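Below you'll find the structure, written out as structure tokens, and then a few comments.
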Amino acid sequence: MILTPQQSRNRHTYAVGKGIISPGKVCTMCGIKQSQIVRGAMIEHHEDYQKPLETITLCCSCHQKLHIHRSRVSRILSRG
Ligand SMILES: [Zn+2]
Ligand SMILES: [Zn+2]
């Protein structure tokens, strides 16, 4: 069975709620702490949606950057 991004996120949220895993408190990319973030919250980014419990903790801006970069890369790749 292949997990959709939504299902993967649901499993992650469930595991956090059950205390199986604990969400990160520091951004992996820039090192900002949750307490230092003014706007938004920490985001658990899924590198692989088939591994719902394996996430990378990022702040909002780093998460955005990562996805913008990703979409650019895939656009270049699809162009050949
Ligand atoms: Zn960051
Ligand atoms: Zn993400």
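Ordering of the structure tokens sets the chain letters (A, B, ...); residue numbers start at 1 within each chain; ligands are numbered from 1 in the order shown.
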(request) Enumerate the residues of chain A with a DSSP assignment of alpha helix (DSSP H), computed from the backbone, and present them as number ranges by chain. (result) A: 5-17, 60-79
Given only C-alpha atoms and all ligand atoms, how would the per-residue table for chain A near ligand 1 read, listing every residue at most 7 Å away with its closest atom pair and distance in Å to one decimal, sorted by chain and number, as a Markdown table?
```
| residue | atom | partner | partner_atom_place_in_ligand_line | distance |
| --- | --- | --- | --- | --- |
| A:Cys27 | CA | ligand 1 | 1 (Zn) | 4.7 |
| A:Thr28 | CA | ligand 1 | 1 (Zn) | 6.6 |
| A:Met29 | CA | ligand 1 | 1 (Zn) | 5.1 |
| A:Cys30 | CA | ligand 1 | 1 (Zn) | 4.1 |
| A:Gly31 | CA | ligand 1 | 1 (Zn) | 6.0 |
| A:Ile32 | CA | ligand 1 | 1 (Zn) | 5.7 |
| A:Leu58 | CA | ligand 1 | 1 (Zn) | 5.3 |
| A:Cys59 | CA | ligand 1 | 1 (Zn) | 4.2 |
| A:Cys60 | CA | ligand 1 | 1 (Zn) | 6.7 |
| A:Ser61 | CA | ligand 1 | 1 (Zn) | 6.0 |
| A:Cys62 | CA | ligand 1 | 1 (Zn) | 4.3 |
```
(message) Taking only C-alpha atoms and all ligand atoms into account, list the residues no farther than 10 Å from ligand 2, as number ranges by chain.
(response) A: 5, 43-49, 55-58, 60, 62-67, 70
